[in-house]
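See below for work_35.cif, which holds mmCIF, C-alpha atoms.
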```
data_my_file
#
loop_
_atom_site.group_PDB
_atom_site.id
_atom_site.type_symbol
_atom_site.label_atom_id
_atom_site.label_comp_id
_atom_site.auth_asym_id
_atom_site.auth_seq_id
_atom_site.Cartn_x
_atom_site.Cartn_y
_atom_site.Cartn_z
ATOM 1 C CA MET A 1 70.264 -16.299 -91.495
ATOM 2 C CA LEU A 2 66.786 -17.048 -90.143
ATOM 3 C CA SER A 3 64.582 -13.957 -90.017
ATOM 4 C CA ARG A 4 63.828 -14.715 -86.353
ATOM 5 C CA THR A 5 67.539 -14.587 -85.488
ATOM 6 C CA ALA A 6 67.990 -11.414 -87.521
ATOM 7 C CA ASP A 7 65.004 -9.872 -85.709
ATOM 8 C CA ASN A 8 66.468 -10.684 -82.280
ATOM 9 C CA LEU A 9 69.834 -9.159 -83.162
ATOM 10 C CA TYR A 10 68.231 -6.091 -84.731
ATOM 11 C CA TRP A 11 66.122 -5.421 -81.635
ATOM 12 C CA LEU A 12 68.995 -6.215 -79.311
ATOM 13 C CA GLY A 13 70.880 -3.349 -80.937
ATOM 14 C CA ARG A 14 67.853 -1.079 -80.743
ATOM 15 C CA TYR A 15 67.063 -1.751 -77.079
ATOM 16 C CA VAL A 16 70.642 -1.265 -75.867
ATOM 17 C CA GLU A 17 70.839 2.006 -77.786
ATOM 18 C CA ARG A 18 67.374 3.089 -76.621
ATOM 19 C CA ALA A 19 68.298 2.601 -72.963
ATOM 20 C CA GLU A 20 71.339 4.828 -73.479
ATOM 21 C CA ASN A 21 69.271 7.405 -75.341
ATOM 22 C CA LEU A 22 66.653 7.588 -72.583
ATOM 23 C CA ALA A 23 69.474 8.237 -70.142
ATOM 24 C CA ARG A 24 70.643 11.092 -72.380
ATOM 25 C CA ILE A 25 67.131 12.600 -72.523
ATOM 26 C CA LEU A 26 66.868 12.533 -68.722
ATOM 27 C CA GLU A 27 70.333 14.048 -68.443
ATOM 28 C CA VAL A 28 69.380 16.946 -70.721
ATOM 29 C CA ALA A 29 66.170 17.555 -68.750
ATOM 30 C CA ASP A 30 68.100 17.478 -65.478
ATOM 31 C CA ARG A 31 70.749 19.899 -66.756
ATOM 32 C CA MET A 32 68.136 22.294 -68.152
ATOM 33 C CA ALA A 33 66.265 22.217 -64.845
ATOM 34 C CA LEU A 34 69.434 23.440 -63.147
ATOM 35 C CA THR A 35 70.174 26.289 -65.563
ATOM 36 C CA PRO A 36 69.852 29.903 -64.350
ATOM 37 C CA SER A 37 66.256 31.196 -64.273
ATOM 38 C CA SER A 38 65.011 27.745 -65.267
ATOM 39 C CA GLY A 39 62.221 27.920 -62.735
ATOM 40 C CA GLY A 40 60.209 30.330 -64.896
ATOM 41 C CA ALA A 41 56.648 29.475 -65.737
ATOM 42 C CA HIS A 42 57.453 29.304 -69.430
ATOM 43 C CA GLN A 43 59.744 26.307 -68.981
ATOM 44 C CA ASP A 44 58.780 22.687 -68.390
ATOM 45 C CA GLU A 45 61.881 20.546 -68.792
ATOM 46 C CA TRP A 46 60.407 17.419 -67.254
ATOM 47 C CA HIS A 47 57.241 17.512 -69.352
ATOM 48 C CA SER A 48 59.446 17.897 -72.427
ATOM 49 C CA ALA A 49 61.379 14.751 -71.425
ATOM 50 C CA VAL A 50 58.113 12.813 -71.309
ATOM 51 C CA VAL A 51 57.040 14.091 -74.735
ATOM 52 C CA ILE A 52 60.396 13.549 -76.428
ATOM 53 C CA SER A 53 60.796 10.024 -75.031
ATOM 54 C CA GLY A 54 57.431 9.066 -76.543
ATOM 55 C CA CYS A 55 55.902 8.208 -73.141
ATOM 56 C CA GLN A 56 53.312 10.974 -72.902
ATOM 57 C CA GLU A 57 50.143 8.876 -73.148
ATOM 58 C CA GLY A 58 51.205 6.215 -70.654
ATOM 59 C CA PHE A 59 52.778 8.709 -68.264
ATOM 60 C CA TYR A 60 49.701 10.908 -67.850
ATOM 61 C CA LYS A 61 47.483 7.876 -67.355
ATOM 62 C CA LYS A 62 49.577 7.064 -64.288
ATOM 63 C CA HIS A 63 50.687 10.504 -63.044
ATOM 64 C CA ASP A 64 48.914 13.840 -62.773
ATOM 65 C CA ALA A 65 51.968 16.069 -63.228
ATOM 66 C CA ALA A 66 55.478 15.874 -64.678
ATOM 67 C CA THR A 67 57.693 16.412 -61.647
ATOM 68 C CA PRO A 68 61.350 15.358 -61.379
ATOM 69 C CA ALA A 69 60.410 12.401 -59.168
ATOM 70 C CA THR A 70 57.535 11.092 -61.318
ATOM 71 C CA VAL A 71 59.368 11.520 -64.646
ATOM 72 C CA VAL A 72 62.561 9.867 -63.430
ATOM 73 C CA ASP A 73 60.621 6.987 -61.906
ATOM 74 C CA TYR A 74 58.538 6.424 -65.051
ATOM 75 C CA ILE A 75 61.295 6.764 -67.661
ATOM 76 C CA ALA A 76 64.120 5.179 -65.697
ATOM 77 C CA ARG A 77 62.673 2.284 -63.731
ATOM 78 C CA ASP A 78 58.918 1.734 -64.127
ATOM 79 C CA PRO A 79 58.414 -1.914 -65.257
ATOM 80 C CA ASP A 80 54.916 -1.011 -66.490
ATOM 81 C CA ASN A 81 56.422 1.438 -68.983
ATOM 82 C CA PRO A 82 57.566 -0.559 -72.044
ATOM 83 C CA ALA A 83 59.860 2.336 -72.992
ATOM 84 C CA SER A 84 61.621 2.719 -69.625
ATOM 85 C CA ILE A 85 65.351 2.150 -69.238
ATOM 86 C CA ARG A 86 64.592 -0.920 -67.099
ATOM 87 C CA SER A 87 62.252 -2.377 -69.745
ATOM 88 C CA CYS A 88 64.754 -1.722 -72.535
ATOM 89 C CA LEU A 89 67.597 -3.443 -70.686
ATOM 90 C CA GLN A 90 65.343 -6.377 -69.837
ATOM 91 C CA ARG A 91 64.252 -6.755 -73.467
ATOM 92 C CA ALA A 92 67.825 -6.415 -74.690
ATOM 93 C CA ARG A 93 68.850 -9.287 -72.402
ATOM 94 C CA THR A 94 65.844 -11.366 -73.519
ATOM 95 C CA ASN A 95 66.699 -10.863 -77.196
ATOM 96 C CA GLY A 96 70.359 -11.641 -76.493
ATOM 97 C CA ARG A 97 69.488 -14.841 -74.644
ATOM 98 C CA ALA A 98 67.308 -15.957 -77.567
ATOM 99 C CA VAL A 99 70.348 -15.780 -79.885
ATOM 100 C CA ARG A 100 73.011 -16.651 -77.323
ATOM 101 C CA ALA A 101 74.937 -18.733 -79.871
ATOM 102 C CA ALA A 102 75.260 -15.696 -82.164
ATOM 103 C CA LEU A 103 76.825 -13.560 -79.421
ATOM 104 C CA THR A 104 80.396 -13.645 -78.213
ATOM 105 C CA ARG A 105 81.089 -14.288 -74.543
ATOM 106 C CA PRO A 106 82.019 -10.640 -73.785
ATOM 107 C CA MET A 107 78.791 -9.429 -75.413
ATOM 108 C CA TRP A 108 76.599 -11.764 -73.381
ATOM 109 C CA GLU A 109 78.454 -11.163 -70.116
ATOM 110 C CA THR A 110 78.054 -7.406 -70.551
ATOM 111 C CA LEU A 111 74.316 -7.740 -71.166
ATOM 112 C CA ASN A 112 73.793 -10.139 -68.284
ATOM 113 C CA ALA A 113 75.897 -8.194 -65.776
ATOM 114 C CA THR A 114 74.104 -4.971 -66.687
ATOM 115 C CA TRP A 115 70.724 -6.490 -65.943
ATOM 116 C CA LEU A 116 71.875 -8.112 -62.692
ATOM 117 C CA ASP A 117 73.420 -4.857 -61.440
ATOM 118 C CA LEU A 118 70.459 -2.666 -62.364
ATOM 119 C CA ASP A 119 68.486 -3.050 -59.115
ATOM 120 C CA SER A 120 71.333 -1.824 -56.929
ATOM 121 C CA ARG A 121 71.908 1.152 -59.236
ATOM 122 C CA GLU A 122 68.241 2.123 -59.308
ATOM 123 C CA GLY A 123 68.091 2.077 -55.523
ATOM 124 C CA ARG A 124 70.486 5.006 -55.347
ATOM 125 C CA ILE A 125 68.121 7.402 -57.152
ATOM 126 C CA ALA A 126 66.283 8.113 -53.910
ATOM 127 C CA GLY A 127 69.576 9.265 -52.426
ATOM 128 C CA GLY A 128 70.029 11.871 -55.145
ATOM 129 C CA ASP A 129 72.302 9.829 -57.407
ATOM 130 C CA LEU A 130 70.312 10.247 -60.641
ATOM 131 C CA ARG A 131 73.336 11.419 -62.628
ATOM 132 C CA ASP A 132 75.298 8.401 -61.371
ATOM 133 C CA LEU A 133 72.636 6.049 -62.746
ATOM 134 C CA LEU A 134 72.496 7.843 -66.089
ATOM 135 C CA ASP A 135 76.291 7.777 -66.460
ATOM 136 C CA TRP A 136 76.282 4.071 -65.593
ATOM 137 C CA VAL A 137 73.653 3.279 -68.247
ATOM 138 C CA LYS A 138 75.691 5.139 -70.889
ATOM 139 C CA GLU A 139 78.884 3.375 -69.814
ATOM 140 C CA ARG A 140 77.267 -0.081 -69.989
ATOM 141 C CA SER A 141 75.924 0.665 -73.454
ATOM 142 C CA MET A 142 79.374 1.780 -74.620
ATOM 143 C CA LEU A 143 80.927 -1.320 -73.064
ATOM 144 C CA PHE A 144 78.499 -3.498 -75.015
ATOM 145 C CA HIS A 145 79.247 -1.646 -78.261
ATOM 146 C CA GLY A 146 82.950 -2.067 -77.548
ATOM 147 C CA ALA A 147 82.466 -5.820 -77.146
ATOM 148 C CA VAL A 148 80.575 -5.887 -80.455
ATOM 149 C CA ALA A 149 83.307 -3.941 -82.235
ATOM 150 C CA ASP A 150 86.172 -6.032 -80.854
ATOM 151 C CA THR A 151 84.770 -9.566 -80.743
ATOM 152 C CA MET A 152 81.792 -10.114 -83.069
ATOM 153 C CA LEU A 153 82.216 -11.824 -86.422
ATOM 154 C CA ARG A 154 81.565 -9.484 -89.355
ATOM 155 C CA ASP A 155 78.693 -11.439 -90.866
ATOM 156 C CA ASP A 156 75.029 -10.690 -91.496
ATOM 157 C CA GLY A 157 74.304 -10.975 -87.767
ATOM 158 C CA HIS A 158 76.660 -8.089 -87.109
ATOM 159 C CA ILE A 159 74.980 -6.076 -89.868
ATOM 160 C CA PHE A 160 71.498 -6.513 -88.372
ATOM 161 C CA LEU A 161 72.689 -5.583 -84.879
ATOM 162 C CA GLN A 162 74.442 -2.454 -86.150
ATOM 163 C CA LEU A 163 71.477 -1.536 -88.337
ATOM 164 C CA GLY A 164 69.184 -1.536 -85.300
ATOM 165 C CA THR A 165 71.704 0.521 -83.353
ATOM 166 C CA MET A 166 72.064 3.194 -86.049
ATOM 167 C CA LEU A 167 68.319 3.464 -86.663
ATOM 168 C CA GLU A 168 67.708 4.013 -82.950
ATOM 169 C CA ARG A 169 70.622 6.446 -82.630
ATOM 170 C CA ALA A 170 69.333 8.651 -85.451
ATOM 171 C CA ASP A 171 65.920 8.766 -83.775
ATOM 172 C CA SER A 172 67.545 9.709 -80.457
ATOM 173 C CA THR A 173 69.625 12.567 -81.857
ATOM 174 C CA ALA A 174 66.577 14.073 -83.538
ATOM 175 C CA ARG A 175 64.630 13.830 -80.271
ATOM 176 C CA LEU A 176 67.472 15.349 -78.235
ATOM 177 C CA LEU A 177 67.578 18.341 -80.551
ATOM 178 C CA ASP A 178 63.815 18.658 -80.372
ATOM 179 C CA VAL A 179 63.994 19.003 -76.581
ATOM 180 C CA LYS A 180 65.120 22.593 -77.255
ATOM 181 C CA TYR A 181 61.846 23.284 -79.074
ATOM 182 C CA HIS A 182 59.740 22.032 -76.165
ATOM 183 C CA VAL A 183 61.653 23.966 -73.502
ATOM 184 C CA LEU A 184 60.525 27.529 -74.274
ATOM 185 C CA LEU A 185 62.538 30.610 -73.326
ATOM 186 C CA PRO A 186 61.027 32.840 -70.644
ATOM 187 C CA ALA A 187 59.452 36.016 -71.979
ATOM 188 C CA ASP A 188 62.338 38.226 -70.829
ATOM 189 C CA GLU A 189 65.015 36.091 -72.521
ATOM 190 C CA GLU A 190 66.236 36.322 -76.109
ATOM 191 C CA VAL A 191 67.600 33.759 -78.535
ATOM 192 C CA GLY A 192 71.355 33.877 -78.095
ATOM 193 C CA GLY A 193 71.036 35.057 -74.492
ATOM 194 C CA GLY A 194 72.509 33.452 -71.407
ATOM 195 C CA LEU A 195 69.700 30.944 -70.837
ATOM 196 C CA ASP A 196 69.708 29.987 -74.509
ATOM 197 C CA PHE A 197 73.456 29.308 -74.272
ATOM 198 C CA TYR A 198 73.011 26.973 -71.279
ATOM 199 C CA GLN A 199 70.195 25.079 -72.987
ATOM 200 C CA TRP A 200 72.177 24.445 -76.173
ATOM 201 C CA ALA A 201 75.181 23.417 -74.073
ATOM 202 C CA ALA A 202 72.947 20.891 -72.286
ATOM 203 C CA VAL A 203 71.877 19.437 -75.652
ATOM 204 C CA LEU A 204 75.519 19.118 -76.738
ATOM 205 C CA ARG A 205 76.447 17.400 -73.474
ATOM 206 C CA GLY A 206 73.488 15.065 -73.862
ATOM 207 C CA ALA A 207 74.850 13.976 -77.243
ATOM 208 C CA SER A 208 78.448 13.758 -75.912
ATOM 209 C CA ALA A 209 79.292 16.430 -78.474
ATOM 210 C CA LEU A 210 80.437 19.446 -76.447
ATOM 211 C CA GLY A 211 84.134 18.699 -76.955
ATOM 212 C CA SER A 212 83.645 17.981 -80.659
ATOM 213 C CA TYR A 213 81.763 21.266 -81.050
ATOM 214 C CA ALA A 214 84.581 23.229 -79.401
ATOM 215 C CA TYR A 215 87.168 21.506 -81.611
ATOM 216 C CA LEU A 216 85.307 22.083 -84.890
ATOM 217 C CA TYR A 217 83.909 25.591 -84.374
ATOM 218 C CA ARG A 218 86.291 27.158 -81.823
ATOM 219 C CA ASP A 219 83.873 29.897 -80.754
ATOM 220 C CA GLY A 220 80.769 30.390 -78.629
ATOM 221 C CA ILE A 221 77.768 28.106 -78.867
ATOM 222 C CA LYS A 222 75.505 29.180 -81.718
ATOM 223 C CA PRO A 223 72.193 27.396 -82.419
ATOM 224 C CA TRP A 224 72.777 26.944 -86.163
ATOM 225 C CA GLN A 225 76.223 25.452 -85.547
ATOM 226 C CA VAL A 226 74.830 23.024 -82.965
ATOM 227 C CA GLY A 227 72.196 22.028 -85.521
ATOM 228 C CA GLU A 228 74.796 21.627 -88.252
ATOM 229 C CA LEU A 229 76.978 19.413 -86.045
ATOM 230 C CA LEU A 230 74.167 17.109 -84.942
ATOM 231 C CA ILE A 231 72.289 17.004 -88.242
ATOM 232 C CA LEU A 232 74.625 17.477 -91.207
ATOM 233 C CA ARG A 233 78.227 16.740 -90.141
ATOM 234 C CA PRO A 234 79.020 13.121 -91.193
ATOM 235 C CA GLU A 235 82.181 12.996 -89.055
ATOM 236 C CA MET A 236 80.050 13.325 -85.918
ATOM 237 C CA PRO A 237 79.127 9.702 -85.000
ATOM 238 C CA ARG A 238 75.759 10.608 -83.462
ATOM 239 C CA SER A 239 74.694 13.039 -86.209
ATOM 240 C CA LEU A 240 71.755 12.243 -88.471
ATOM 241 C CA ALA A 241 74.056 12.284 -91.511
ATOM 242 C CA GLY A 242 76.565 10.005 -89.771
ATOM 243 C CA CYS A 243 73.905 7.453 -88.785
ATOM 244 C CA LEU A 244 72.244 7.446 -92.211
ATOM 245 C CA GLY A 245 75.609 7.055 -93.932
ATOM 246 C CA VAL A 246 76.291 3.897 -91.926
ATOM 247 C CA MET A 247 72.776 2.578 -92.601
ATOM 248 C CA VAL A 248 73.174 3.060 -96.346
ATOM 249 C CA GLU A 249 76.383 1.059 -96.219
ATOM 250 C CA LEU A 250 74.849 -1.714 -94.085
ATOM 251 C CA LEU A 251 71.772 -2.055 -96.302
ATOM 252 C CA GLY A 252 74.034 -2.196 -99.351
ATOM 253 C CA GLN A 253 75.940 -5.079 -97.739
ATOM 254 C CA LEU A 254 72.676 -6.921 -97.053
ATOM 255 C CA ALA A 255 71.566 -6.412 -100.661
ATOM 256 C CA ASP A 256 74.853 -7.897 -101.870
ATOM 257 C CA LEU A 257 74.643 -10.833 -99.437
ATOM 258 C CA TYR A 258 71.059 -11.769 -100.311
ATOM 259 C CA GLY A 259 71.165 -10.721 -103.957
ATOM 260 C CA ARG A 260 68.193 -8.396 -103.865
ATOM 261 C CA LYS A 261 67.508 -4.711 -103.255
ATOM 262 C CA HIS A 262 64.553 -3.543 -101.195
ATOM 263 C CA GLU A 263 62.586 -0.345 -100.634
ATOM 264 C CA CYS A 264 64.454 0.266 -97.359
ATOM 265 C CA GLN A 265 67.720 0.666 -99.272
ATOM 266 C CA ARG A 266 66.207 3.243 -101.623
ATOM 267 C CA LEU A 267 64.565 5.127 -98.751
ATOM 268 C CA ALA A 268 67.782 5.232 -96.706
ATOM 269 C CA GLY A 269 69.674 6.530 -99.741
ATOM 270 C CA GLU A 270 67.085 9.251 -100.307
ATOM 271 C CA MET A 271 67.215 10.363 -96.662
ATOM 272 C CA HIS A 272 71.015 10.346 -96.690
ATOM 273 C CA SER A 273 71.156 12.436 -99.870
ATOM 274 C CA ARG A 274 68.961 15.122 -98.320
ATOM 275 C CA LEU A 275 71.281 15.249 -95.325
ATOM 276 C CA ARG A 276 74.441 15.158 -97.415
ATOM 277 C CA TYR A 277 73.400 18.108 -99.553
ATOM 278 C CA GLY A 278 71.287 19.945 -96.979
ATOM 279 C CA ARG A 279 72.037 23.433 -95.636
ATOM 280 C CA ILE A 280 71.515 24.340 -91.996
ATOM 281 C CA ASP A 281 70.272 27.851 -92.807
ATOM 282 C CA THR A 282 67.485 26.334 -94.906
ATOM 283 C CA ILE A 283 66.570 23.949 -92.079
ATOM 284 C CA PHE A 284 66.362 26.777 -89.517
ATOM 285 C CA ARG A 285 64.484 29.041 -91.909
ATOM 286 C CA THR A 286 61.798 26.422 -92.571
ATOM 287 C CA GLY A 287 61.648 25.381 -88.892
ATOM 288 C CA LEU A 288 63.932 23.102 -86.888
ATOM 289 C CA HIS A 289 61.052 21.437 -85.045
ATOM 290 C CA GLU A 290 59.166 20.729 -88.269
ATOM 291 C CA TYR A 291 62.319 19.326 -89.874
ATOM 292 C CA LEU A 292 63.046 17.025 -86.918
ATOM 293 C CA THR A 293 59.433 15.850 -86.688
ATOM 294 C CA ALA A 294 59.473 14.926 -90.382
ATOM 295 C CA PHE A 295 62.805 13.125 -89.965
ATOM 296 C CA ILE A 296 61.539 11.061 -87.017
ATOM 297 C CA GLN A 297 58.500 10.024 -89.063
ATOM 298 C CA GLN A 298 60.675 9.040 -92.031
ATOM 299 C CA ASN A 299 63.044 7.152 -89.764
ATOM 300 C CA ASN A 300 60.103 5.183 -88.361
ATOM 301 C CA ILE A 301 58.999 4.331 -91.899
ATOM 302 C CA LEU A 302 62.545 3.183 -92.670
ATOM 303 C CA GLY A 303 62.413 0.857 -89.669
ATOM 304 C CA LEU A 304 59.134 -0.618 -90.909
ATOM 305 C CA GLU A 305 60.617 -1.167 -94.370
ATOM 306 C CA VAL A 306 63.648 -2.935 -92.868
ATOM 307 C CA SER A 307 61.291 -5.229 -90.963
ATOM 308 C CA LYS A 308 59.227 -5.978 -94.083
ATOM 309 C CA ALA A 309 62.333 -6.756 -96.118
ATOM 310 C CA TYR A 310 64.303 -8.917 -93.704
ATOM 311 C CA LEU A 311 62.652 -9.552 -90.346
ATOM 312 C CA ILE A 312 59.115 -10.806 -91.036
#
```
The structure in this file should be written as C-alpha cells.
Amino acid sequence: MLSRTADNLYWLGRYVERAENLARILEVADRMALTPSSGGAHQDEWHSAVVISGCQEGFYKKHDAATPATVVDYIARDPDNPASIRSCLQRARTNGRAVRAALTRPMWETLNATWLDLDSREGRIAGGDLRDLLDWVKERSMLFHGAVADTMLRDDGHIFLQLGTMLERADSTARLLDVKYHVLLPADEEVGGGLDFYQWAAVLRGASALGSYAYLYRDGIKPWQVGELLILRPEMPRSLAGCLGVMVELLGQLADLYGRKHECQRLAGEMHSRLRYGRIDTIFRTGLHEYLTAFIQQNNILGLEVSKAYLI
C-alpha cells in the first residue's frame, strides 16, 4: 500500500475518533457543571475541558474567559479551531474522499451524511440542545465504526484505520480521566464525599463505562476502581490496556505483512506490558495525574514512530 493511502486511512480513523472524544469531554464538563455544589469557586469545569482537549492556547487567544457558551462554541463548532468537532469531521471526510476507492459504500455514505447534517445539528445548540448534539456525534462515530467492522476488507488498509482509531482512543481515555484532576473539590468536600461521587460518575458516563463498572464491581463508585477499569482492565474496550493490546496486535500484523519490525512495535509492547502488569494502588500512590500525563506523552511518541515507520 502507498504510504499516502495508509496516511489518509490512519488519519481518517483518528479524526472520526477525535470528534467523538471531544464530544465526550464536553459531556463530562457539562455533567460536572450540573453536579451539586458545582458552582463553588474551587471548580472550573469548562476551563478543564479547554485544557484537556488541548485547545488552551488557541482558546485564550480568542476568548477572555472559559464560559459554557465560549467553550462549547470553540470546541464544538469553531472552524478556526483545528481541533474542534467540526474541523475533525471535515478532515475525516477529506481524508475519506482522498481514498474513496479504499472505502466501502456504507463507510463513505456515513462520513458524507455526517458532514452534510452537521450544520442543522449545530444550529440547535443555541436552543439548549447541547447534549443532543454530543449524543449525535457519538452515534455517528459508532455508526462509522460499525460500517468498518461489517463491510471493510481485512487488509493493511483496515489495519492502518484501526491503528489510528486505537491510538486516538487511548489518548482520549487518559484525558477524560485527567479531567478529574483539573476539577478540584471545594474546600469543604472530602475525597469519597457526595461531590466526588458525582464527578467520578460523570467520568464513567463520559467513557460509556458506568454500566460496565456496575457489572464488574457491584458496589459504590470508588476512585481506585474507576481508575482500574479505565486504565488496567483489558476487557474494557476504551481502557488504556485494551487499546494498547489492540495496537500491539495490529503492529504485529503490519510487521508480518511488510517483513520488518520497527521501533513503534517495540514501544507499543513496552507500554502494553506496563499496563498488563501494573497495579492501580501503585498508580494512585505515585499520582494519577502524573501517570496520565506521562502516558499521553508516550502515546504521542508512539504516534510519531508509527508515522516514521509507515506513513512518511
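Taking atom CA of A:Val306 and atom CA of A:Leu288 as endpoints, the distance between them is 26.7 Å.
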Atom-to-atom span, atom CA of A:Gly157 and atom CA of A:Ala6, Å: 6.3 Å
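Here atom CA of A:Gly58 is placed at a distance of 15.6 Å from atom CA of A:Arg86.
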Hits of the PyMOL selection byres ((chain A and resi 251) around 9) in this structure, as number ranges by chain: A: 159, 163, 246-250, 252-256, 261-262, 264-265, 268, 306
Output C-alpha atoms of each residue in that selection to a file, as a PDB file, keeping the file's coordinate frame.
```pdb
ATOM      1  CA  ILE A 159      74.980  -6.076 -89.868  1.00  0.00           C
ATOM      2  CA  LEU A 163      71.477  -1.536 -88.337  1.00  0.00           C
ATOM      3  CA  VAL A 246      76.291   3.897 -91.926  1.00  0.00           C
ATOM      4  CA  MET A 247      72.776   2.578 -92.601  1.00  0.00           C
ATOM      5  CA  VAL A 248      73.174   3.060 -96.346  1.00  0.00           C
ATOM      6  CA  GLU A 249      76.383   1.059 -96.219  1.00  0.00           C
ATOM      7  CA  LEU A 250      74.849  -1.714 -94.085  1.00  0.00           C
ATOM      8  CA  GLY A 252      74.034  -2.196 -99.351  1.00  0.00           C
ATOM      9  CA  GLN A 253      75.940  -5.079 -97.739  1.00  0.00           C
ATOM     10  CA  LEU A 254      72.676  -6.921 -97.053  1.00  0.00           C
ATOM     11  CA  ALA A 255      71.566  -6.412-100.661  1.00  0.00           C
ATOM     12  CA  ASP A 256      74.853  -7.897-101.870  1.00  0.00           C
ATOM     13  CA  LYS A 261      67.508  -4.711-103.255  1.00  0.00           C
ATOM     14  CA  HIS A 262      64.553  -3.543-101.195  1.00  0.00           C
ATOM     15  CA  CYS A 264      64.454   0.266 -97.359  1.00  0.00           C
ATOM     16  CA  GLN A 265      67.720   0.666 -99.272  1.00  0.00           C
ATOM     17  CA  ALA A 268      67.782   5.232 -96.706  1.00  0.00           C
ATOM     18  CA  VAL A 306      63.648  -2.935 -92.868  1.00  0.00           C
TER      19      VAL A 306
END
```
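If all atoms listed in the file are the atoms counted, then among A:Gly164, A:Gly303, A:Gly259, A:Gly206 the closest residue to A:Arg131 is A:Gly206.
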If you apply the PyMOL selection byres ((chain A and resi 74) around 12) to this file, what residues do you get, as a PDB file with C-alpha atoms, in the coordinates of the input?
```
ATOM      1  CA  LEU A  22      66.653   7.588 -72.583  1.00  0.00           C
ATOM      2  CA  LEU A  26      66.868  12.533 -68.722  1.00  0.00           C
ATOM      3  CA  TRP A  46      60.407  17.419 -67.254  1.00  0.00           C
ATOM      4  CA  HIS A  47      57.241  17.512 -69.352  1.00  0.00           C
ATOM      5  CA  ALA A  49      61.379  14.751 -71.425  1.00  0.00           C
ATOM      6  CA  VAL A  50      58.113  12.813 -71.309  1.00  0.00           C
ATOM      7  CA  SER A  53      60.796  10.024 -75.031  1.00  0.00           C
ATOM      8  CA  GLY A  54      57.431   9.066 -76.543  1.00  0.00           C
ATOM      9  CA  CYS A  55      55.902   8.208 -73.141  1.00  0.00           C
ATOM     10  CA  GLN A  56      53.312  10.974 -72.902  1.00  0.00           C
ATOM     11  CA  GLU A  57      50.143   8.876 -73.148  1.00  0.00           C
ATOM     12  CA  GLY A  58      51.205   6.215 -70.654  1.00  0.00           C
ATOM     13  CA  PHE A  59      52.778   8.709 -68.264  1.00  0.00           C
ATOM     14  CA  TYR A  60      49.701  10.908 -67.850  1.00  0.00           C
ATOM     15  CA  LYS A  61      47.483   7.876 -67.355  1.00  0.00           C
ATOM     16  CA  LYS A  62      49.577   7.064 -64.288  1.00  0.00           C
ATOM     17  CA  HIS A  63      50.687  10.504 -63.044  1.00  0.00           C
ATOM     18  CA  ALA A  65      51.968  16.069 -63.228  1.00  0.00           C
ATOM     19  CA  ALA A  66      55.478  15.874 -64.678  1.00  0.00           C
ATOM     20  CA  THR A  67      57.693  16.412 -61.647  1.00  0.00           C
ATOM     21  CA  PRO A  68      61.350  15.358 -61.379  1.00  0.00           C
ATOM     22  CA  ALA A  69      60.410  12.401 -59.168  1.00  0.00           C
ATOM     23  CA  THR A  70      57.535  11.092 -61.318  1.00  0.00           C
ATOM     24  CA  VAL A  71      59.368  11.520 -64.646  1.00  0.00           C
ATOM     25  CA  VAL A  72      62.561   9.867 -63.430  1.00  0.00           C
ATOM     26  CA  ASP A  73      60.621   6.987 -61.906  1.00  0.00           C
ATOM     27  CA  ILE A  75      61.295   6.764 -67.661  1.00  0.00           C
ATOM     28  CA  ALA A  76      64.120   5.179 -65.697  1.00  0.00           C
ATOM     29  CA  ARG A  77      62.673   2.284 -63.731  1.00  0.00           C
ATOM     30  CA  ASP A  78      58.918   1.734 -64.127  1.00  0.00           C
ATOM     31  CA  PRO A  79      58.414  -1.914 -65.257  1.00  0.00           C
ATOM     32  CA  ASP A  80      54.916  -1.011 -66.490  1.00  0.00           C
ATOM     33  CA  ASN A  81      56.422   1.438 -68.983  1.00  0.00           C
ATOM     34  CA  PRO A  82      57.566  -0.559 -72.044  1.00  0.00           C
ATOM     35  CA  ALA A  83      59.860   2.336 -72.992  1.00  0.00           C
ATOM     36  CA  SER A  84      61.621   2.719 -69.625  1.00  0.00           C
ATOM     37  CA  ILE A  85      65.351   2.150 -69.238  1.00  0.00           C
ATOM     38  CA  ARG A  86      64.592  -0.920 -67.099  1.00  0.00           C
ATOM     39  CA  SER A  87      62.252  -2.377 -69.745  1.00  0.00           C
TER      40      SER A  87
END
```
